[in-house]
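Note: the block below is my_file.cif and it holds mmCIF, N, CA and C atoms.
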```cif
data_protein
#
loop_
_atom_site.label_atom_id
_atom_site.label_comp_id
_atom_site.auth_asym_id
_atom_site.auth_seq_id
_atom_site.Cartn_x
_atom_site.Cartn_y
_atom_site.Cartn_z
N MET A 5 243.57 -19.00 -57.99
CA MET A 5 243.93 -20.35 -57.58
C MET A 5 242.78 -21.27 -57.91
N GLY A 6 243.13 -22.47 -58.39
CA GLY A 6 242.13 -23.47 -58.73
C GLY A 6 241.66 -24.22 -57.50
N ILE A 7 240.88 -25.23 -57.76
CA ILE A 7 240.38 -26.09 -56.68
C ILE A 7 241.53 -26.94 -56.17
N LEU A 8 241.66 -27.03 -54.85
CA LEU A 8 242.72 -27.84 -54.27
C LEU A 8 242.40 -29.32 -54.43
N SER A 9 243.42 -30.09 -54.79
CA SER A 9 243.29 -31.54 -54.90
C SER A 9 244.22 -32.17 -53.88
N ARG A 10 243.73 -33.17 -53.20
CA ARG A 10 244.54 -33.88 -52.21
C ARG A 10 245.16 -35.09 -52.90
N ILE A 11 246.50 -35.26 -52.72
CA ILE A 11 247.20 -36.39 -53.32
C ILE A 11 248.00 -37.10 -52.24
N GLY A 12 248.40 -38.31 -52.51
CA GLY A 12 249.28 -39.05 -51.60
C GLY A 12 250.63 -39.24 -52.28
N VAL A 13 251.68 -39.13 -51.50
CA VAL A 13 253.03 -39.29 -52.04
C VAL A 13 253.79 -40.21 -51.10
N ALA A 14 254.43 -41.24 -51.67
CA ALA A 14 255.26 -42.14 -50.88
C ALA A 14 256.70 -41.63 -50.95
N ILE A 15 257.29 -41.41 -49.77
CA ILE A 15 258.66 -40.87 -49.70
C ILE A 15 259.46 -41.68 -48.69
N ASP A 16 260.68 -41.99 -49.07
CA ASP A 16 261.61 -42.67 -48.17
C ASP A 16 261.71 -41.87 -46.87
N SER A 17 261.75 -42.55 -45.73
CA SER A 17 261.73 -41.86 -44.44
C SER A 17 262.94 -40.94 -44.24
N ASP A 18 264.12 -41.34 -44.74
CA ASP A 18 265.29 -40.47 -44.62
C ASP A 18 265.11 -39.20 -45.43
N LEU A 19 264.57 -39.34 -46.64
CA LEU A 19 264.32 -38.17 -47.49
C LEU A 19 263.27 -37.26 -46.83
N LEU A 20 262.24 -37.85 -46.24
CA LEU A 20 261.22 -37.05 -45.57
C LEU A 20 261.79 -36.29 -44.38
N THR A 21 262.68 -36.92 -43.64
CA THR A 21 263.33 -36.25 -42.51
C THR A 21 264.12 -35.05 -43.00
N ARG A 22 264.89 -35.25 -44.06
CA ARG A 22 265.67 -34.14 -44.63
C ARG A 22 264.75 -33.04 -45.16
N PHE A 23 263.63 -33.44 -45.77
CA PHE A 23 262.67 -32.45 -46.28
C PHE A 23 262.06 -31.66 -45.13
N ASP A 24 261.70 -32.33 -44.06
CA ASP A 24 261.14 -31.64 -42.89
C ASP A 24 262.14 -30.64 -42.31
N GLN A 25 263.41 -31.00 -42.29
CA GLN A 25 264.44 -30.07 -41.83
C GLN A 25 264.55 -28.88 -42.77
N PHE A 26 264.47 -29.14 -44.05
CA PHE A 26 264.52 -28.08 -45.06
C PHE A 26 263.35 -27.10 -44.88
N ILE A 27 262.14 -27.63 -44.73
CA ILE A 27 260.99 -26.73 -44.64
C ILE A 27 261.00 -25.95 -43.33
N ALA A 28 261.50 -26.57 -42.26
CA ALA A 28 261.61 -25.84 -40.99
C ALA A 28 262.61 -24.70 -41.12
N LYS A 29 263.74 -24.98 -41.75
CA LYS A 29 264.79 -23.98 -41.93
C LYS A 29 264.30 -22.80 -42.78
N HIS A 30 263.45 -23.08 -43.76
CA HIS A 30 262.98 -22.04 -44.67
C HIS A 30 261.64 -21.43 -44.25
N GLY A 31 261.15 -21.79 -43.09
CA GLY A 31 259.99 -21.12 -42.52
C GLY A 31 258.62 -21.56 -43.03
N TYR A 32 258.55 -22.69 -43.69
CA TYR A 32 257.25 -23.20 -44.13
C TYR A 32 256.46 -23.66 -42.92
N THR A 33 255.17 -23.44 -42.96
CA THR A 33 254.32 -23.87 -41.85
C THR A 33 253.78 -25.27 -42.05
N ASN A 34 253.88 -25.78 -43.30
CA ASN A 34 253.41 -27.13 -43.56
C ASN A 34 254.07 -27.69 -44.82
N ARG A 35 254.00 -28.99 -44.97
CA ARG A 35 254.62 -29.66 -46.12
C ARG A 35 253.94 -29.28 -47.43
N SER A 36 252.63 -29.09 -47.39
CA SER A 36 251.89 -28.81 -48.62
C SER A 36 252.41 -27.55 -49.32
N GLU A 37 252.61 -26.50 -48.57
CA GLU A 37 253.10 -25.26 -49.18
C GLU A 37 254.51 -25.44 -49.72
N ALA A 38 255.33 -26.19 -49.02
CA ALA A 38 256.68 -26.45 -49.50
C ALA A 38 256.65 -27.27 -50.80
N PHE A 39 255.80 -28.28 -50.87
CA PHE A 39 255.65 -29.06 -52.10
C PHE A 39 255.18 -28.18 -53.25
N ARG A 40 254.19 -27.33 -52.99
CA ARG A 40 253.68 -26.44 -54.04
C ARG A 40 254.77 -25.53 -54.57
N ASP A 41 255.59 -24.97 -53.65
CA ASP A 41 256.68 -24.09 -54.09
C ASP A 41 257.71 -24.85 -54.92
N LEU A 42 258.06 -26.05 -54.50
CA LEU A 42 259.02 -26.85 -55.27
C LEU A 42 258.48 -27.18 -56.66
N ILE A 43 257.22 -27.53 -56.73
CA ILE A 43 256.61 -27.84 -58.03
C ILE A 43 256.59 -26.60 -58.92
N ARG A 44 256.16 -25.47 -58.37
CA ARG A 44 256.15 -24.22 -59.16
C ARG A 44 257.56 -23.88 -59.65
N ASP A 45 258.55 -24.04 -58.77
CA ASP A 45 259.93 -23.72 -59.14
C ASP A 45 260.39 -24.60 -60.30
N ARG A 46 260.10 -25.90 -60.26
CA ARG A 46 260.50 -26.79 -61.35
C ARG A 46 259.77 -26.46 -62.65
N LEU A 47 258.48 -26.09 -62.56
CA LEU A 47 257.72 -25.74 -63.75
C LEU A 47 258.27 -24.47 -64.39
N VAL A 48 258.59 -23.48 -63.57
CA VAL A 48 259.16 -22.23 -64.10
C VAL A 48 260.53 -22.51 -64.70
N SER A 49 261.36 -23.30 -64.02
CA SER A 49 262.69 -23.63 -64.54
C SER A 49 262.60 -24.29 -65.91
N ALA A 50 261.67 -25.21 -66.06
CA ALA A 50 261.50 -25.88 -67.35
C ALA A 50 260.98 -24.90 -68.40
N MET A 51 260.11 -24.02 -67.99
CA MET A 51 259.51 -23.08 -68.92
C MET A 51 260.51 -22.07 -69.47
N VAL A 52 261.39 -21.54 -68.62
CA VAL A 52 262.33 -20.52 -69.08
C VAL A 52 263.40 -21.10 -70.01
N GLU A 53 263.50 -22.42 -70.09
CA GLU A 53 264.42 -23.04 -71.03
C GLU A 53 263.93 -22.91 -72.47
N SER A 54 262.64 -22.72 -72.65
CA SER A 54 262.08 -22.56 -74.00
C SER A 54 262.52 -21.21 -74.55
N PRO A 55 263.15 -21.18 -75.73
CA PRO A 55 263.77 -19.95 -76.24
C PRO A 55 262.84 -18.75 -76.39
N GLU A 56 261.58 -18.98 -76.67
CA GLU A 56 260.66 -17.86 -76.92
C GLU A 56 259.83 -17.46 -75.70
N THR A 57 259.98 -18.16 -74.58
CA THR A 57 259.23 -17.81 -73.38
C THR A 57 259.62 -16.41 -72.93
N PHE A 58 258.62 -15.59 -72.63
CA PHE A 58 258.87 -14.25 -72.10
C PHE A 58 259.31 -14.39 -70.65
N VAL A 59 260.48 -13.87 -70.34
CA VAL A 59 261.04 -13.98 -69.00
C VAL A 59 261.37 -12.60 -68.45
N VAL A 60 261.50 -12.54 -67.15
CA VAL A 60 262.06 -11.39 -66.45
C VAL A 60 263.16 -11.95 -65.57
N GLY A 61 264.11 -11.10 -65.21
CA GLY A 61 265.18 -11.61 -64.37
C GLY A 61 266.20 -10.54 -64.04
N THR A 62 267.29 -11.01 -63.48
CA THR A 62 268.39 -10.12 -63.13
C THR A 62 269.71 -10.73 -63.59
N VAL A 63 270.58 -9.85 -64.03
CA VAL A 63 271.96 -10.22 -64.30
C VAL A 63 272.77 -9.49 -63.24
N THR A 64 273.47 -10.22 -62.42
CA THR A 64 274.30 -9.63 -61.37
C THR A 64 275.76 -9.80 -61.76
N LEU A 65 276.49 -8.69 -61.73
CA LEU A 65 277.90 -8.69 -62.10
C LEU A 65 278.74 -8.14 -60.96
N ILE A 66 279.88 -8.74 -60.73
CA ILE A 66 280.88 -8.22 -59.80
C ILE A 66 282.13 -7.97 -60.63
N TYR A 67 282.69 -6.76 -60.51
CA TYR A 67 283.90 -6.48 -61.29
C TYR A 67 284.71 -5.37 -60.64
N ASP A 68 285.97 -5.31 -61.05
CA ASP A 68 286.89 -4.26 -60.61
C ASP A 68 286.73 -3.11 -61.59
N HIS A 69 286.27 -1.98 -61.10
CA HIS A 69 286.00 -0.86 -62.03
C HIS A 69 287.29 -0.23 -62.56
N HIS A 70 288.43 -0.65 -62.03
CA HIS A 70 289.71 -0.16 -62.57
C HIS A 70 290.15 -0.98 -63.78
N SER A 71 289.46 -2.08 -64.04
CA SER A 71 289.81 -2.91 -65.20
C SER A 71 289.70 -2.07 -66.47
N ARG A 72 290.74 -2.08 -67.25
CA ARG A 72 290.84 -1.21 -68.42
C ARG A 72 289.62 -1.31 -69.34
N LEU A 73 288.91 -0.20 -69.48
CA LEU A 73 287.75 -0.03 -70.37
C LEU A 73 286.55 -0.92 -70.06
N LEU A 74 286.60 -1.67 -68.94
CA LEU A 74 285.50 -2.57 -68.62
C LEU A 74 284.17 -1.84 -68.43
N PRO A 75 284.10 -0.79 -67.61
CA PRO A 75 282.80 -0.11 -67.46
C PRO A 75 282.24 0.37 -68.80
N GLU A 76 283.10 0.84 -69.68
CA GLU A 76 282.65 1.30 -70.99
C GLU A 76 282.11 0.14 -71.83
N ARG A 77 282.81 -1.00 -71.80
CA ARG A 77 282.35 -2.18 -72.56
C ARG A 77 280.99 -2.66 -72.06
N LEU A 78 280.82 -2.69 -70.73
CA LEU A 78 279.53 -3.12 -70.16
C LEU A 78 278.42 -2.15 -70.55
N THR A 79 278.72 -0.87 -70.51
CA THR A 79 277.72 0.14 -70.90
C THR A 79 277.37 -0.01 -72.38
N ASP A 80 278.37 -0.21 -73.23
CA ASP A 80 278.11 -0.39 -74.67
C ASP A 80 277.21 -1.60 -74.92
N LEU A 81 277.48 -2.70 -74.24
CA LEU A 81 276.64 -3.89 -74.39
C LEU A 81 275.20 -3.61 -73.96
N GLN A 82 275.05 -2.85 -72.88
CA GLN A 82 273.71 -2.54 -72.40
C GLN A 82 272.98 -1.63 -73.39
N HIS A 83 273.67 -0.66 -73.94
CA HIS A 83 273.03 0.22 -74.93
C HIS A 83 272.63 -0.56 -76.19
N ALA A 84 273.47 -1.51 -76.59
CA ALA A 84 273.16 -2.31 -77.78
C ALA A 84 271.97 -3.24 -77.56
N ASN A 85 271.63 -3.48 -76.30
CA ASN A 85 270.52 -4.38 -75.95
C ASN A 85 269.50 -3.68 -75.07
N HIS A 86 269.34 -2.38 -75.27
CA HIS A 86 268.47 -1.57 -74.40
C HIS A 86 267.04 -2.08 -74.32
N ASP A 87 266.56 -2.74 -75.36
CA ASP A 87 265.19 -3.23 -75.36
C ASP A 87 264.98 -4.38 -74.36
N LEU A 88 266.06 -4.98 -73.89
CA LEU A 88 265.96 -6.06 -72.90
C LEU A 88 266.06 -5.55 -71.47
N ILE A 89 266.43 -4.29 -71.29
CA ILE A 89 266.74 -3.78 -69.95
C ILE A 89 265.58 -2.96 -69.40
N ILE A 90 265.19 -3.29 -68.18
CA ILE A 90 264.19 -2.51 -67.45
C ILE A 90 264.90 -1.44 -66.63
N SER A 91 265.95 -1.84 -65.90
CA SER A 91 266.72 -0.88 -65.10
C SER A 91 268.07 -1.48 -64.73
N THR A 92 268.95 -0.60 -64.28
CA THR A 92 270.28 -1.01 -63.84
C THR A 92 270.59 -0.31 -62.53
N THR A 93 271.16 -1.06 -61.60
CA THR A 93 271.60 -0.49 -60.33
C THR A 93 273.09 -0.77 -60.18
N HIS A 94 273.81 0.24 -59.77
CA HIS A 94 275.26 0.14 -59.61
C HIS A 94 275.60 0.45 -58.16
N ALA A 95 276.40 -0.42 -57.54
CA ALA A 95 276.80 -0.21 -56.15
C ALA A 95 278.31 -0.37 -56.02
N HIS A 96 278.91 0.47 -55.20
CA HIS A 96 280.34 0.40 -54.93
C HIS A 96 280.54 -0.42 -53.66
N LEU A 97 281.12 -1.60 -53.80
CA LEU A 97 281.29 -2.49 -52.65
C LEU A 97 282.50 -2.12 -51.81
N ASP A 98 283.54 -1.66 -52.47
CA ASP A 98 284.72 -1.14 -51.80
C ASP A 98 285.44 -0.23 -52.79
N HIS A 99 286.67 0.13 -52.48
CA HIS A 99 287.40 1.07 -53.34
C HIS A 99 287.53 0.58 -54.78
N ASP A 100 287.65 -0.72 -54.97
CA ASP A 100 287.90 -1.27 -56.30
C ASP A 100 286.72 -2.02 -56.91
N THR A 101 285.88 -2.58 -56.08
CA THR A 101 284.88 -3.54 -56.55
C THR A 101 283.49 -2.94 -56.67
N CYS A 102 282.85 -3.23 -57.80
CA CYS A 102 281.49 -2.78 -58.06
C CYS A 102 280.57 -3.97 -58.25
N LEU A 103 279.32 -3.76 -57.91
CA LEU A 103 278.26 -4.71 -58.19
C LEU A 103 277.28 -4.00 -59.10
N GLU A 104 276.89 -4.67 -60.15
CA GLU A 104 275.87 -4.12 -61.03
C GLU A 104 274.75 -5.13 -61.13
N ALA A 105 273.52 -4.70 -60.92
CA ALA A 105 272.35 -5.55 -61.06
C ALA A 105 271.50 -4.98 -62.18
N ILE A 106 271.30 -5.78 -63.20
CA ILE A 106 270.57 -5.34 -64.39
C ILE A 106 269.28 -6.13 -64.44
N VAL A 107 268.15 -5.43 -64.38
CA VAL A 107 266.84 -6.08 -64.45
C VAL A 107 266.47 -6.18 -65.92
N VAL A 108 266.18 -7.42 -66.37
CA VAL A 108 265.97 -7.68 -67.78
C VAL A 108 264.60 -8.30 -68.05
N LYS A 109 264.20 -8.21 -69.31
CA LYS A 109 262.94 -8.82 -69.76
C LYS A 109 263.08 -9.16 -71.23
N GLY A 110 262.35 -10.16 -71.69
CA GLY A 110 262.35 -10.50 -73.10
C GLY A 110 262.32 -11.99 -73.32
N PRO A 111 262.47 -12.41 -74.58
CA PRO A 111 262.51 -13.84 -74.88
C PRO A 111 263.70 -14.50 -74.19
N SER A 112 263.47 -15.66 -73.64
CA SER A 112 264.49 -16.36 -72.86
C SER A 112 265.83 -16.47 -73.59
N LYS A 113 265.81 -16.85 -74.83
CA LYS A 113 267.05 -17.05 -75.59
C LYS A 113 267.85 -15.75 -75.70
N ARG A 114 267.16 -14.63 -75.97
CA ARG A 114 267.86 -13.34 -76.10
C ARG A 114 268.42 -12.87 -74.76
N VAL A 115 267.63 -13.05 -73.70
CA VAL A 115 268.08 -12.64 -72.36
C VAL A 115 269.31 -13.46 -71.97
N GLN A 116 269.27 -14.77 -72.23
CA GLN A 116 270.41 -15.64 -71.91
C GLN A 116 271.65 -15.22 -72.69
N LYS A 117 271.48 -14.94 -73.97
CA LYS A 117 272.62 -14.55 -74.81
C LYS A 117 273.22 -13.22 -74.31
N PHE A 118 272.36 -12.27 -73.97
CA PHE A 118 272.81 -10.98 -73.46
C PHE A 118 273.58 -11.16 -72.15
N ALA A 119 273.03 -11.98 -71.24
CA ALA A 119 273.70 -12.23 -69.96
C ALA A 119 275.05 -12.89 -70.19
N ASP A 120 275.12 -13.83 -71.12
CA ASP A 120 276.39 -14.49 -71.42
C ASP A 120 277.43 -13.49 -71.91
N LEU A 121 277.00 -12.53 -72.74
CA LEU A 121 277.93 -11.49 -73.22
C LEU A 121 278.47 -10.66 -72.05
N LEU A 122 277.57 -10.26 -71.16
CA LEU A 122 277.99 -9.45 -70.01
C LEU A 122 278.92 -10.23 -69.09
N ILE A 123 278.50 -11.42 -68.72
CA ILE A 123 279.25 -12.23 -67.77
C ILE A 123 280.60 -12.64 -68.35
N GLY A 124 280.65 -12.87 -69.66
CA GLY A 124 281.87 -13.29 -70.31
C GLY A 124 282.82 -12.17 -70.68
N THR A 125 282.43 -10.93 -70.39
CA THR A 125 283.29 -9.80 -70.71
C THR A 125 284.56 -9.85 -69.86
N LYS A 126 285.69 -9.68 -70.52
CA LYS A 126 286.98 -9.73 -69.83
C LYS A 126 286.99 -8.70 -68.70
N GLY A 127 287.33 -9.17 -67.50
CA GLY A 127 287.38 -8.31 -66.33
C GLY A 127 286.22 -8.53 -65.36
N VAL A 128 285.14 -9.15 -65.83
CA VAL A 128 284.04 -9.47 -64.91
C VAL A 128 284.50 -10.63 -64.05
N GLN A 129 284.48 -10.43 -62.74
CA GLN A 129 284.98 -11.44 -61.80
C GLN A 129 283.95 -12.54 -61.56
N HIS A 130 282.68 -12.17 -61.54
CA HIS A 130 281.61 -13.14 -61.31
C HIS A 130 280.31 -12.56 -61.84
N GLY A 131 279.50 -13.43 -62.39
CA GLY A 131 278.20 -13.00 -62.87
C GLY A 131 277.21 -14.12 -62.78
N ARG A 132 275.94 -13.75 -62.69
CA ARG A 132 274.89 -14.76 -62.62
C ARG A 132 273.60 -14.19 -63.20
N LEU A 133 272.93 -15.02 -63.98
CA LEU A 133 271.61 -14.70 -64.50
C LEU A 133 270.58 -15.51 -63.73
N VAL A 134 269.55 -14.84 -63.27
CA VAL A 134 268.40 -15.52 -62.66
C VAL A 134 267.18 -15.11 -63.46
N MET A 135 266.47 -16.10 -64.00
CA MET A 135 265.28 -15.82 -64.80
C MET A 135 264.06 -16.49 -64.18
N THR A 136 262.94 -15.85 -64.40
CA THR A 136 261.66 -16.43 -64.03
C THR A 136 260.65 -15.99 -65.07
N ALA A 137 259.49 -16.61 -65.03
CA ALA A 137 258.43 -16.24 -65.95
C ALA A 137 257.31 -15.61 -65.14
N PRO A 138 256.77 -14.49 -65.63
CA PRO A 138 255.65 -13.88 -64.92
C PRO A 138 254.50 -14.88 -64.79
N LYS A 139 253.69 -14.69 -63.78
CA LYS A 139 252.60 -15.63 -63.48
C LYS A 139 251.73 -15.88 -64.70
N SER A 140 251.43 -14.83 -65.46
CA SER A 140 250.56 -15.01 -66.64
C SER A 140 251.19 -15.96 -67.65
N SER A 141 252.52 -15.93 -67.79
CA SER A 141 253.20 -16.84 -68.71
C SER A 141 253.14 -18.27 -68.21
N VAL A 142 253.28 -18.46 -66.90
CA VAL A 142 253.25 -19.78 -66.30
C VAL A 142 251.87 -20.39 -66.50
N LEU A 143 250.83 -19.60 -66.29
CA LEU A 143 249.46 -20.11 -66.42
C LEU A 143 249.13 -20.48 -67.86
N LYS A 144 249.67 -19.75 -68.83
CA LYS A 144 249.35 -20.02 -70.23
C LYS A 144 249.84 -21.38 -70.68
N THR A 145 250.97 -21.85 -70.15
CA THR A 145 251.51 -23.11 -70.60
C THR A 145 251.15 -24.26 -69.67
N ALA A 146 250.59 -23.96 -68.52
CA ALA A 146 250.27 -25.03 -67.57
C ALA A 146 249.04 -25.80 -68.01
#
```

File written out as structure tokens:
Amino acid sequence: MGILSRIGVAIDSDLLTRFDQFIAKHGYTNRSEAFRDLIRDRLVSAMVESPETFVVGTVTLIYDHHSRLLPERLTDLQHANHDLIISTTHAHLDHDTCLEAIVVKGPSKRVQKFADLLIGTKGVQHGRLVMTAPKSSVLKTA
């Protein structure tokens, strides 16, 4: 961590009230830490948009495992992109529904394209990609 700098920020009183409610709800002990987290989150979000940024993340899929050939199609896609996958976890939510969480790494553009292929596969009910950049990547561009 670098040297702390003190800054002043002018905020509309209604917005500050809502922010104070937000930080209380999320367990922050002070506004400064909440501001730092919001700033870090925006910097990481902007960074992972760059196609060559090295990212890590998860692709979460919900699907009916009875969907014709769906598990095989998802497995084939994962094998074709094995270099992007760190691990996969499969959970049975009920008799029909499965959740698959795929931990991924690689250039942002490739990870996004891979996630789009998985999420867009016919039979996937819901999917989401969450990406972040490791701390070392964030520091290099900051």

Problem - Length of the CA of Ala28 (chain A) to CA of Arg44 (chain A) vector [Å] - result: 19.0 Å

Completion exercise
Of A:His86, A:Lys117, A:His69, A:Arg22, the one sitting nearest Leu133 (chain A) when using only C-alpha atoms is A:Lys117

Got a sec: who's within 12 Å of Glu37 (chain A), counting only C-alpha atoms, leaving out chain neighbours fewer than 5 positions off, as a CSV table (one decimal) with N, CA and C atoms, keeping the file's coordinate frame?
```
chain,number,residue,atom,x,y,z
A,8,LEU,N,241.7,-27.0,-54.8
A,8,LEU,CA,242.7,-27.8,-54.3
A,8,LEU,C,242.4,-29.3,-54.4
A,27,ILE,N,262.1,-27.6,-44.7
A,27,ILE,CA,261.0,-26.7,-44.6
A,27,ILE,C,261.0,-26.0,-43.3
A,28,ALA,N,261.5,-26.6,-42.3
A,28,ALA,CA,261.6,-25.8,-41.0
A,28,ALA,C,262.6,-24.7,-41.1
A,30,HIS,N,263.4,-23.1,-43.8
A,30,HIS,CA,263.0,-22.0,-44.7
A,30,HIS,C,261.6,-21.4,-44.2
A,31,GLY,N,261.2,-21.8,-43.1
A,31,GLY,CA,260.0,-21.1,-42.5
A,31,GLY,C,258.6,-21.6,-43.0
A,32,TYR,N,258.6,-22.7,-43.7
A,32,TYR,CA,257.2,-23.2,-44.1
A,32,TYR,C,256.5,-23.7,-42.9
A,42,LEU,N,258.1,-26.0,-54.5
A,42,LEU,CA,259.0,-26.8,-55.3
A,42,LEU,C,258.5,-27.2,-56.7
A,43,ILE,N,257.2,-27.5,-56.7
A,43,ILE,CA,256.6,-27.8,-58.0
A,43,ILE,C,256.6,-26.6,-58.9
A,44,ARG,N,256.2,-25.5,-58.4
A,44,ARG,CA,256.2,-24.2,-59.2
A,44,ARG,C,257.6,-23.9,-59.6
```

Nearby residues (only C-alpha atoms) at most 8 Å from region 51-54 of chain A, same-chain spacing under 5 positions excluded, as a PDB file with N, CA and C atoms, in the coordinates of the input:
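The new file around_17.pdb reads:
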```pdb
ATOM      1  N   VAL A  59     260.480 -13.870 -70.340  1.00  0.00           N
ATOM      2  CA  VAL A  59     261.040 -13.980 -69.000  1.00  0.00           C
ATOM      3  C   VAL A  59     261.370 -12.600 -68.450  1.00  0.00           C
ATOM      4  N   SER A 112     263.470 -15.660 -73.640  1.00  0.00           N
ATOM      5  CA  SER A 112     264.490 -16.360 -72.860  1.00  0.00           C
ATOM      6  C   SER A 112     265.830 -16.470 -73.590  1.00  0.00           C
ATOM      7  N   LYS A 113     265.810 -16.850 -74.830  1.00  0.00           N
ATOM      8  CA  LYS A 113     267.050 -17.050 -75.590  1.00  0.00           C
ATOM      9  C   LYS A 113     267.850 -15.750 -75.700  1.00  0.00           C
ATOM     10  N   MET A 135     266.470 -16.100 -64.000  1.00  0.00           N
ATOM     11  CA  MET A 135     265.280 -15.820 -64.800  1.00  0.00           C
ATOM     12  C   MET A 135     264.060 -16.490 -64.180  1.00  0.00           C
ATOM     13  N   THR A 136     262.940 -15.850 -64.400  1.00  0.00           N
ATOM     14  CA  THR A 136     261.660 -16.430 -64.030  1.00  0.00           C
ATOM     15  C   THR A 136     260.650 -15.990 -65.070  1.00  0.00           C
ATOM     16  N   ALA A 137     259.490 -16.610 -65.030  1.00  0.00           N
ATOM     17  CA  ALA A 137     258.430 -16.240 -65.950  1.00  0.00           C
ATOM     18  C   ALA A 137     257.310 -15.610 -65.140  1.00  0.00           C
ATOM     19  N   VAL A 142     253.280 -18.460 -66.900  1.00  0.00           N
ATOM     20  CA  VAL A 142     253.250 -19.780 -66.300  1.00  0.00           C
ATOM     21  C   VAL A 142     251.870 -20.390 -66.500  1.00  0.00           C
TER      22      VAL A 142
END
```

Practice task
Taking the file above as input, evaluate the PyMOL selection byres (((chain A and resi 116 and name CA) around 12) and name CA) and report the hits as a PyMOL selection string.
Solution key: chain A and resi 52-63+85+88+108-115+117-124+132-136

Practice task
as JSON, numbers by chain, list the residues of region 15-146 of chain A assigned to alpha helix (DSSP H) by DSSP on the backbone atoms of this structure.
Solution key: {"A": [17, 18, 19, 20, 21, 22, 23, 24, 25, 26, 27, 28, 29, 35, 36, 37, 38, 39, 40, 41, 42, 43, 44, 45, 46, 47, 48, 49, 50, 51, 52, 74, 75, 76, 77, 78, 79, 80, 81, 82, 83, 84, 112, 113, 114, 115, 116, 117, 118, 119, 120, 121, 122, 123, 139, 140, 141, 142, 143, 144, 145]}

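Of note, CA of Arg46 (chain A) and CA of Pro138 (chain A) are spaced 14.2 Å apart.
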
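For the pair CA of Gly127 (chain A) and atom N of Thr79 (chain A), the interatomic distance is 12.2 Å.
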
Result set of the PyMOL selection byres (((chain A and resi 99 and name CA) around 10) and name CA) on the coordinates above, as a PDB file with N, CA and C atoms, in the coordinates of the input:
```pdb
ATOM      1  N   ASP A  68     285.970  -5.310 -61.050  1.00  0.00           N
ATOM      2  CA  ASP A  68     286.890  -4.260 -60.610  1.00  0.00           C
ATOM      3  C   ASP A  68     286.730  -3.110 -61.590  1.00  0.00           C
ATOM      4  N   HIS A  69     286.270  -1.980 -61.100  1.00  0.00           N
ATOM      5  CA  HIS A  69     286.000  -0.860 -62.030  1.00  0.00           C
ATOM      6  C   HIS A  69     287.290  -0.230 -62.560  1.00  0.00           C
ATOM      7  N   HIS A  70     288.430  -0.650 -62.030  1.00  0.00           N
ATOM      8  CA  HIS A  70     289.710  -0.160 -62.570  1.00  0.00           C
ATOM      9  C   HIS A  70     290.150  -0.980 -63.780  1.00  0.00           C
ATOM     10  N   HIS A  96     278.910   0.470 -55.200  1.00  0.00           N
ATOM     11  CA  HIS A  96     280.340   0.400 -54.930  1.00  0.00           C
ATOM     12  C   HIS A  96     280.540  -0.420 -53.660  1.00  0.00           C
ATOM     13  N   LEU A  97     281.120  -1.600 -53.800  1.00  0.00           N
ATOM     14  CA  LEU A  97     281.290  -2.490 -52.650  1.00  0.00           C
ATOM     15  C   LEU A  97     282.500  -2.120 -51.810  1.00  0.00           C
ATOM     16  N   ASP A  98     283.540  -1.660 -52.470  1.00  0.00           N
ATOM     17  CA  ASP A  98     284.720  -1.140 -51.800  1.00  0.00           C
ATOM     18  C   ASP A  98     285.440  -0.230 -52.790  1.00  0.00           C
ATOM     19  N   ASP A 100     287.650  -0.720 -54.970  1.00  0.00           N
ATOM     20  CA  ASP A 100     287.900  -1.270 -56.300  1.00  0.00           C
ATOM     21  C   ASP A 100     286.720  -2.020 -56.910  1.00  0.00           C
ATOM     22  N   THR A 101     285.880  -2.580 -56.080  1.00  0.00           N
ATOM     23  CA  THR A 101     284.880  -3.540 -56.550  1.00  0.00           C
ATOM     24  C   THR A 101     283.490  -2.940 -56.670  1.00  0.00           C
ATOM     25  N   CYS A 102     282.850  -3.230 -57.800  1.00  0.00           N
ATOM     26  CA  CYS A 102     281.490  -2.780 -58.060  1.00  0.00           C
ATOM     27  C   CYS A 102     280.570  -3.970 -58.250  1.00  0.00           C
TER      28      CYS A 102
END
```

Listed atoms of region 80-89 of chain A boxed along x, y and z, 4 Å each side, centre and edge lengths in Å, one decimal, as AutoDock Vina command-line options:
```
--center_x 271.7 --center_y -2.9 --center_z -73.6 --size_x 21.4 --size_y 14.3 --size_z 16.4
```

Practice task
Determine which residues of region 77-111 of chain A receive a DSSP assignment of strand (DSSP E or B), computed from the backbone, and state them as a PyMOL selection string.
Solution key: chain A and resi 89-96+101-111
